[in-house]
Amino acid sequence: MRIAVVGATGLVGGVMLQVLEELNFPVTELIPVASANSAGKQIRFRDKNYTVCTPEDALLLKPQIALFSAGGNTSLEWAPAFADSGCVVIDNSSAWRRHESVPLIVPEVNGDVLRSEHKIIANPNCSTVELTQVLDPLEKAFGLERVVVSTYQSVTGSGVKGVSQLQNEQKGISGEMAYPHPIHLNVIPHGGTFDDNLYTSEENKLIFETRKILRLPGLRITCTVVRVPVYGGHSESVNIELKTDFSLEQIRSVLASTSGVIVQDEPENAVYPMPLYVGGKDATFVGRIRRDESLDFGLNLWVVSDNLRKGAATNAVQIAQWLTAHHLL
């Protein structure tokens, strides 16, 4: 099993290597890939050093799976070439998510749509992954009428630049800006670029991707994305109008029995998910489960997940696991 990690020297690429090792994925040959500027660097994986190569060199080594986390332009340029060579590309950028022929996958939710002919598979936006993990079982049990999401996204969602800006501002030094405003001691209601409908690209991505993954093209869903001065972990306040009535005990039972979801909901003991405590974990955590008393079938949830793990690297590796387990390579 020859596995290429494209963007191996980046923030998510590094976590992909870590997850491959932790989940004991059957890698017989690792092919770390990055730009020409990083070619020749050494990557440590399973107590062995590997030399970073360029995409051109990686193609010659004929990987069976390529995990891409090197940005949309790199994915648009190189994913088709890898796919044409017979390699299955699992892409973490937004480059392929809107392509009708490219599946957008959270394995626990819609892994069943994958087929052997799929050579490019899109990994969703980190906020979408945790949201769909929670919405899917509720849709199956009660039906979804409307969803309102407000995200509280950490700076690691912006890569190294976001982390550097927060660190620099905490130290009182100037440096490259990932955001149009200071992030230290601030919250910024702005993720990506503003589109014609006055929603940001991050908001429009979450809306589109949720509909695609849940196979609910007409789902009524709206979103506000907010960047917060937290290093890791994306949080979401999720307001849901269900189609049928429910008890809170039923909601907790449905979510607790969902693969990859952990319920932390003891408000009387101040137990609820927080980004400070989800770092390095692969689950999605949900708490503050309560009725929206302004609606007949309204529900409020608080959802938190490590955006670099399940929101990116872990989900990509789990897609690879699904492919191998279902003999789709």
# chains A, B, ... in the order shown; residues from 1 in each chain; ligands from 1
call {"tool": "residues_around", "arguments": {"residues": "Cys87 of chain A", "least_positions_apart": "5", "cutoff": "12 Å", "atoms": "only C-alpha atoms", "output": "MDAnalysis selection string"}}
result
chainID A and resid 1:4 58:68 78:82 116:121 320 328:329
call {"tool": "write_last_selection", "arguments": {"atoms": "N, CA and C atoms", "output": "PDB file, in the first residue's frame"}}
result
ATOM      1  N   MET A   1       0.850  -1.185   0.000  1.00  0.00           N
ATOM      2  CA  MET A   1       0.000   0.000   0.000  1.00  0.00           C
ATOM      3  C   MET A   1       0.885   1.234   0.000  1.00  0.00           C
ATOM      4  N   ARG A   2       1.041   1.840  -1.169  1.00  0.00           N
ATOM      5  CA  ARG A   2       1.856   3.040  -1.311  1.00  0.00           C
ATOM      6  C   ARG A   2       0.949   4.266  -1.130  1.00  0.00           C
ATOM      7  N   ILE A   3       1.264   5.069  -0.123  1.00  0.00           N
ATOM      8  CA  ILE A   3       0.444   6.224   0.228  1.00  0.00           C
ATOM      9  C   ILE A   3       1.247   7.496   0.042  1.00  0.00           C
ATOM     10  N   ALA A   4       0.730   8.401  -0.795  1.00  0.00           N
ATOM     11  CA  ALA A   4       1.330   9.720  -0.941  1.00  0.00           C
ATOM     12  C   ALA A   4       0.566  10.710  -0.066  1.00  0.00           C
ATOM     13  N   ALA A  58       6.502  11.949  -7.365  1.00  0.00           N
ATOM     14  CA  ALA A  58       5.546  11.062  -6.694  1.00  0.00           C
ATOM     15  C   ALA A  58       4.730  10.260  -7.702  1.00  0.00           C
ATOM     16  N   LEU A  59       4.366  10.884  -8.812  1.00  0.00           N
ATOM     17  CA  LEU A  59       3.598  10.174  -9.826  1.00  0.00           C
ATOM     18  C   LEU A  59       4.354   8.959 -10.357  1.00  0.00           C
ATOM     19  N   LEU A  60       5.658   9.100 -10.500  1.00  0.00           N
ATOM     20  CA  LEU A  60       6.475   8.003 -11.017  1.00  0.00           C
ATOM     21  C   LEU A  60       6.513   6.824 -10.060  1.00  0.00           C
ATOM     22  N   LEU A  61       6.235   7.079  -8.773  1.00  0.00           N
ATOM     23  CA  LEU A  61       6.261   6.016  -7.765  1.00  0.00           C
ATOM     24  C   LEU A  61       4.920   5.291  -7.664  1.00  0.00           C
ATOM     25  N   LYS A  62       3.929   5.758  -8.407  1.00  0.00           N
ATOM     26  CA  LYS A  62       2.629   5.107  -8.546  1.00  0.00           C
ATOM     27  C   LYS A  62       1.955   4.771  -7.199  1.00  0.00           C
ATOM     28  N   PRO A  63       1.623   5.792  -6.415  1.00  0.00           N
ATOM     29  CA  PRO A  63       0.889   5.522  -5.166  1.00  0.00           C
ATOM     30  C   PRO A  63      -0.517   5.008  -5.464  1.00  0.00           C
ATOM     31  N   GLN A  64      -1.045   4.225  -4.542  1.00  0.00           N
ATOM     32  CA  GLN A  64      -2.411   3.733  -4.689  1.00  0.00           C
ATOM     33  C   GLN A  64      -3.428   4.724  -4.124  1.00  0.00           C
ATOM     34  N   ILE A  65      -3.023   5.448  -3.081  1.00  0.00           N
ATOM     35  CA  ILE A  65      -3.863   6.491  -2.483  1.00  0.00           C
ATOM     36  C   ILE A  65      -3.014   7.734  -2.297  1.00  0.00           C
ATOM     37  N   ALA A  66      -3.581   8.891  -2.618  1.00  0.00           N
ATOM     38  CA  ALA A  66      -2.894  10.167  -2.361  1.00  0.00           C
ATOM     39  C   ALA A  66      -3.804  11.038  -1.511  1.00  0.00           C
ATOM     40  N   LEU A  67      -3.328  11.398  -0.332  1.00  0.00           N
ATOM     41  CA  LEU A  67      -4.039  12.320   0.545  1.00  0.00           C
ATOM     42  C   LEU A  67      -3.526  13.723   0.247  1.00  0.00           C
ATOM     43  N   PHE A  68      -4.401  14.571  -0.286  1.00  0.00           N
ATOM     44  CA  PHE A  68      -4.016  15.920  -0.695  1.00  0.00           C
ATOM     45  C   PHE A  68      -4.395  16.923   0.383  1.00  0.00           C
ATOM     46  N   TRP A  78      -2.954  18.874  -9.892  1.00  0.00           N
ATOM     47  CA  TRP A  78      -2.338  17.563  -9.784  1.00  0.00           C
ATOM     48  C   TRP A  78      -3.289  16.408  -9.519  1.00  0.00           C
ATOM     49  N   ALA A  79      -4.450  16.647  -8.935  1.00  0.00           N
ATOM     50  CA  ALA A  79      -5.363  15.529  -8.636  1.00  0.00           C
ATOM     51  C   ALA A  79      -5.749  14.753  -9.898  1.00  0.00           C
ATOM     52  N   PRO A  80      -6.073  15.417 -11.023  1.00  0.00           N
ATOM     53  CA  PRO A  80      -6.415  14.639 -12.222  1.00  0.00           C
ATOM     54  C   PRO A  80      -5.257  13.772 -12.717  1.00  0.00           C
ATOM     55  N   ALA A  81      -4.040  14.275 -12.600  1.00  0.00           N
ATOM     56  CA  ALA A  81      -2.893  13.486 -13.050  1.00  0.00           C
ATOM     57  C   ALA A  81      -2.723  12.234 -12.188  1.00  0.00           C
ATOM     58  N   PHE A  82      -2.867  12.383 -10.879  1.00  0.00           N
ATOM     59  CA  PHE A  82      -2.780  11.218 -10.003  1.00  0.00           C
ATOM     60  C   PHE A  82      -3.922  10.252 -10.291  1.00  0.00           C
ATOM     61  N   SER A 116     -15.841   2.036  -6.854  1.00  0.00           N
ATOM     62  CA  SER A 116     -14.465   1.826  -7.302  1.00  0.00           C
ATOM     63  C   SER A 116     -14.076   2.792  -8.414  1.00  0.00           C
ATOM     64  N   GLU A 117     -15.058   3.309  -9.155  1.00  0.00           N
ATOM     65  CA  GLU A 117     -14.734   4.239 -10.244  1.00  0.00           C
ATOM     66  C   GLU A 117     -14.432   5.650  -9.747  1.00  0.00           C
ATOM     67  N   HIS A 118     -14.668   5.918  -8.477  1.00  0.00           N
ATOM     68  CA  HIS A 118     -14.369   7.244  -7.930  1.00  0.00           C
ATOM     69  C   HIS A 118     -12.865   7.364  -7.683  1.00  0.00           C
ATOM     70  N   LYS A 119     -12.214   8.160  -8.482  1.00  0.00           N
ATOM     71  CA  LYS A 119     -10.761   8.336  -8.350  1.00  0.00           C
ATOM     72  C   LYS A 119     -10.391   9.656  -7.677  1.00  0.00           C
ATOM     73  N   ILE A 120     -11.330  10.587  -7.597  1.00  0.00           N
ATOM     74  CA  ILE A 120     -11.147  11.805  -6.799  1.00  0.00           C
ATOM     75  C   ILE A 120     -12.302  11.869  -5.810  1.00  0.00           C
ATOM     76  N   ILE A 121     -11.965  11.949  -4.531  1.00  0.00           N
ATOM     77  CA  ILE A 121     -12.952  12.018  -3.457  1.00  0.00           C
ATOM     78  C   ILE A 121     -12.662  13.267  -2.645  1.00  0.00           C
ATOM     79  N   ALA A 320      -9.943   6.567   3.441  1.00  0.00           N
ATOM     80  CA  ALA A 320      -9.018   5.544   2.932  1.00  0.00           C
ATOM     81  C   ALA A 320      -9.303   4.191   3.574  1.00  0.00           C
ATOM     82  N   LEU A 328     -12.540  -1.227  -2.568  1.00  0.00           N
ATOM     83  CA  LEU A 328     -12.845  -0.275  -3.636  1.00  0.00           C
ATOM     84  C   LEU A 328     -11.614   0.284  -4.315  1.00  0.00           C
ATOM     85  N   LEU A 329     -10.425  -0.212  -3.949  1.00  0.00           N
ATOM     86  CA  LEU A 329      -9.204   0.266  -4.602  1.00  0.00           C
ATOM     87  C   LEU A 329      -8.882  -0.551  -5.844  1.00  0.00           C
TER      88      LEU A 329
END
call {"tool": "residues_around", "arguments": {"residues": "segment 212-221 of chain A", "least_positions_apart": "3", "cutoff": "8 Å", "atoms": "only C-alpha atoms", "output": "JSON, numbers by chain"}}
result
{"A": [104, 105, 106, 109, 110, 132, 136, 144, 145, 146, 147, 148, 149, 207, 208, 209]}
call {"tool": "write_last_selection", "arguments": {"atoms": "C-alpha atoms", "output": "compact mmCIF listing (two decimals), in the first residue's frame"}}
result
# COMPACT_ATOMS: atom_id res chain seq x y z
CA LEU A 104 -18.08 14.50 -0.74
CA ILE A 105 -17.65 12.06 2.10
CA VAL A 106 -18.02 11.71 5.85
CA VAL A 109 -22.74 9.48 7.14
CA ASN A 110 -22.48 8.69 3.42
CA THR A 132 -23.29 16.40 9.46
CA ASP A 136 -27.58 12.76 10.06
CA LEU A 144 -35.01 17.97 9.60
CA GLU A 145 -37.19 20.98 8.89
CA ARG A 146 -34.66 23.82 9.31
CA VAL A 147 -31.12 24.29 10.65
CA VAL A 148 -29.41 27.49 11.89
CA VAL A 149 -25.67 27.22 12.57
CA ILE A 207 -24.58 25.20 3.47
CA PHE A 208 -23.83 23.52 0.14
CA GLU A 209 -21.75 20.71 1.61
call {"tool": "atom_distance", "arguments": {"atom1": "atom CA of Val33 of chain A", "atom2": "atom CA of Pro55 of chain A"}}
result
6.1 Å
call {"tool": "residues_around", "arguments": {"residues": "Asn204 of chain A", "least_positions_apart": "3", "cutoff": "12 Å", "atoms": "only C-alpha atoms", "output": "ChimeraX atom specification"}}
result
/A:94,98,125,127-128,149,190-201,207-211,221-225
call {"tool": "write_last_selection", "arguments": {"atoms": "N, CA and C atoms", "output": "PDB file, in the first residue's frame"}}
result
ATOM      1  N   SER A  94     -11.097  22.715  -1.063  1.00  0.00           N
ATOM      2  CA  SER A  94     -12.462  22.925  -1.560  1.00  0.00           C
ATOM      3  C   SER A  94     -12.558  22.783  -3.068  1.00  0.00           C
ATOM      4  N   ARG A  98     -17.716  20.803  -5.108  1.00  0.00           N
ATOM      5  CA  ARG A  98     -18.936  21.153  -5.824  1.00  0.00           C
ATOM      6  C   ARG A  98     -19.094  20.398  -7.137  1.00  0.00           C
ATOM      7  N   ASN A 125     -15.333  20.502   4.327  1.00  0.00           N
ATOM      8  CA  ASN A 125     -14.883  21.549   5.232  1.00  0.00           C
ATOM      9  C   ASN A 125     -14.974  21.046   6.669  1.00  0.00           C
ATOM     10  N   SER A 127     -15.866  22.350   9.477  1.00  0.00           N
ATOM     11  CA  SER A 127     -17.107  22.635  10.198  1.00  0.00           C
ATOM     12  C   SER A 127     -18.252  21.759   9.705  1.00  0.00           C
ATOM     13  N   THR A 128     -18.240  21.433   8.428  1.00  0.00           N
ATOM     14  CA  THR A 128     -19.293  20.595   7.860  1.00  0.00           C
ATOM     15  C   THR A 128     -19.239  19.182   8.420  1.00  0.00           C
ATOM     16  N   VAL A 149     -26.976  27.532  12.005  1.00  0.00           N
ATOM     17  CA  VAL A 149     -25.666  27.221  12.569  1.00  0.00           C
ATOM     18  C   VAL A 149     -24.844  28.490  12.725  1.00  0.00           C
ATOM     19  N   HIS A 190     -16.248  36.688   9.912  1.00  0.00           N
ATOM     20  CA  HIS A 190     -15.775  36.754   8.527  1.00  0.00           C
ATOM     21  C   HIS A 190     -14.891  35.534   8.279  1.00  0.00           C
ATOM     22  N   GLY A 191     -15.341  34.640   7.409  1.00  0.00           N
ATOM     23  CA  GLY A 191     -14.534  33.476   7.054  1.00  0.00           C
ATOM     24  C   GLY A 191     -14.468  33.332   5.550  1.00  0.00           C
ATOM     25  N   GLY A 192     -13.287  33.467   4.972  1.00  0.00           N
ATOM     26  CA  GLY A 192     -13.146  33.432   3.517  1.00  0.00           C
ATOM     27  C   GLY A 192     -13.434  34.794   2.915  1.00  0.00           C
ATOM     28  N   THR A 193     -14.021  34.788   1.713  1.00  0.00           N
ATOM     29  CA  THR A 193     -14.348  36.032   1.014  1.00  0.00           C
ATOM     30  C   THR A 193     -15.863  36.236   1.017  1.00  0.00           C
ATOM     31  N   PHE A 194     -16.290  37.479   0.854  1.00  0.00           N
ATOM     32  CA  PHE A 194     -17.720  37.746   0.784  1.00  0.00           C
ATOM     33  C   PHE A 194     -18.228  37.500  -0.635  1.00  0.00           C
ATOM     34  N   ASP A 195     -19.296  36.712  -0.742  1.00  0.00           N
ATOM     35  CA  ASP A 195     -19.893  36.398  -2.033  1.00  0.00           C
ATOM     36  C   ASP A 195     -21.021  37.374  -2.339  1.00  0.00           C
ATOM     37  N   ASP A 196     -21.621  37.224  -3.526  1.00  0.00           N
ATOM     38  CA  ASP A 196     -22.635  38.170  -3.970  1.00  0.00           C
ATOM     39  C   ASP A 196     -23.859  38.203  -3.067  1.00  0.00           C
ATOM     40  N   ASN A 197     -24.151  37.089  -2.392  1.00  0.00           N
ATOM     41  CA  ASN A 197     -25.333  37.047  -1.524  1.00  0.00           C
ATOM     42  C   ASN A 197     -25.045  37.585  -0.120  1.00  0.00           C
ATOM     43  N   LEU A 198     -23.845  38.158   0.069  1.00  0.00           N
ATOM     44  CA  LEU A 198     -23.388  38.750   1.329  1.00  0.00           C
ATOM     45  C   LEU A 198     -23.032  37.715   2.389  1.00  0.00           C
ATOM     46  N   TYR A 199     -23.125  36.441   2.035  1.00  0.00           N
ATOM     47  CA  TYR A 199     -22.577  35.393   2.886  1.00  0.00           C
ATOM     48  C   TYR A 199     -21.111  35.220   2.512  1.00  0.00           C
ATOM     49  N   THR A 200     -20.311  34.724   3.455  1.00  0.00           N
ATOM     50  CA  THR A 200     -18.917  34.461   3.124  1.00  0.00           C
ATOM     51  C   THR A 200     -18.797  33.105   2.436  1.00  0.00           C
ATOM     52  N   SER A 201     -17.649  32.912   1.789  1.00  0.00           N
ATOM     53  CA  SER A 201     -17.414  31.636   1.106  1.00  0.00           C
ATOM     54  C   SER A 201     -17.447  30.470   2.089  1.00  0.00           C
ATOM     55  N   ILE A 207     -23.195  25.420   3.891  1.00  0.00           N
ATOM     56  CA  ILE A 207     -24.585  25.200   3.471  1.00  0.00           C
ATOM     57  C   ILE A 207     -24.636  24.190   2.324  1.00  0.00           C
ATOM     58  N   PHE A 208     -23.832  24.420   1.291  1.00  0.00           N
ATOM     59  CA  PHE A 208     -23.830  23.516   0.137  1.00  0.00           C
ATOM     60  C   PHE A 208     -23.391  22.106   0.526  1.00  0.00           C
ATOM     61  N   GLU A 209     -22.303  22.013   1.283  1.00  0.00           N
ATOM     62  CA  GLU A 209     -21.747  20.707   1.612  1.00  0.00           C
ATOM     63  C   GLU A 209     -22.679  19.889   2.505  1.00  0.00           C
ATOM     64  N   THR A 210     -23.344  20.547   3.444  1.00  0.00           N
ATOM     65  CA  THR A 210     -24.274  19.835   4.315  1.00  0.00           C
ATOM     66  C   THR A 210     -25.403  19.224   3.508  1.00  0.00           C
ATOM     67  N   ARG A 211     -25.945  19.979   2.586  1.00  0.00           N
ATOM     68  CA  ARG A 211     -27.009  19.451   1.726  1.00  0.00           C
ATOM     69  C   ARG A 211     -26.520  18.267   0.896  1.00  0.00           C
ATOM     70  N   ILE A 221     -31.303  25.627   5.519  1.00  0.00           N
ATOM     71  CA  ILE A 221     -30.164  25.783   6.425  1.00  0.00           C
ATOM     72  C   ILE A 221     -29.518  27.133   6.189  1.00  0.00           C
ATOM     73  N   THR A 222     -29.123  27.780   7.262  1.00  0.00           N
ATOM     74  CA  THR A 222     -28.410  29.055   7.163  1.00  0.00           C
ATOM     75  C   THR A 222     -27.267  29.060   8.166  1.00  0.00           C
ATOM     76  N   CYS A 223     -26.304  29.948   7.953  1.00  0.00           N
ATOM     77  CA  CYS A 223     -25.060  29.842   8.715  1.00  0.00           C
ATOM     78  C   CYS A 223     -24.399  31.203   8.888  1.00  0.00           C
ATOM     79  N   THR A 224     -23.736  31.391  10.035  1.00  0.00           N
ATOM     80  CA  THR A 224     -22.830  32.511  10.270  1.00  0.00           C
ATOM     81  C   THR A 224     -21.510  31.947  10.777  1.00  0.00           C
ATOM     82  N   VAL A 225     -20.429  32.295  10.121  1.00  0.00           N
ATOM     83  CA  VAL A 225     -19.085  31.822  10.496  1.00  0.00           C
ATOM     84  C   VAL A 225     -18.369  32.919  11.270  1.00  0.00           C
TER      85      VAL A 225
END
call {"tool": "select_by_dssp", "arguments": {"residues": "segment 191-306 of chain A", "states": "helix (DSSP H, G or I)", "output": "ChimeraX atom specification"}}
result
/A:201-214,248-256,267-269,275-278
call {"tool": "closest_residue", "arguments": {"among": "A:Asn92, A:Arg46, A:Ala39, A:Arg227", "to": "Asn24 of chain A", "atoms": "only C-alpha atoms"}}
result
A:Arg46
call {"tool": "residues_around", "arguments": {"residues": "Ser235 of chain A", "least_positions_apart": "3", "cutoff": "8 Å", "atoms": "only C-alpha atoms", "output": "PyMOL selection string"}}
result
chain A and resi 151-153+274-275+302-305
call {"tool": "residues_around", "arguments": {"residues": "Tyr231 of chain A", "least_positions_apart": "4", "cutoff": "7 Å", "atoms": "only C-alpha atoms", "output": "PyMOL selection string"}}
result
chain A and resi 154-156+163
call {"tool": "select_by_dssp", "arguments": {"residues": "segment 51-214 of chain A", "states": "strand (DSSP E or B)", "output": "ChimeraX atom specification"}}
result
/A:51,53,65-68,88-91,104,120-122,144-153,188,194,200
call {"tool": "atom_distance", "arguments": {"atom1": "atom CA of Thr51 of chain A", "atom2": "atom CA of Ser38 of chain A"}}
result
9.7 Å
call {"tool": "atom_distance", "arguments": {"atom1": "atom CA of Ser164 of chain A", "atom2": "atom CA of Val52 of chain A"}}
result
24.0 Å
call {"tool": "closest_residue", "arguments": {"among": "A:Thr54, A:Ser85, A:Ser247, A:Asn49", "to": "Ala34 of chain A", "atoms": "only C-alpha atoms"}}
result
A:Thr54
call {"tool": "residues_around", "arguments": {"residues": "Ser35 of chain A", "least_positions_apart": "5", "cutoff": "12 Å", "atoms": "only C-alpha atoms", "output": "list of chain:residue names"}}
result
A:Val5, A:Val6, A:Gly7, A:Ala8, A:Thr9, A:Gly10, A:Gly40, A:Lys41, A:Val52, A:Cys53, A:Thr54, A:Pro55, A:Glu56, A:Asp57, A:Ala58, A:Ser69, A:Ala70, A:Gly71, A:Thr74, A:Trp78
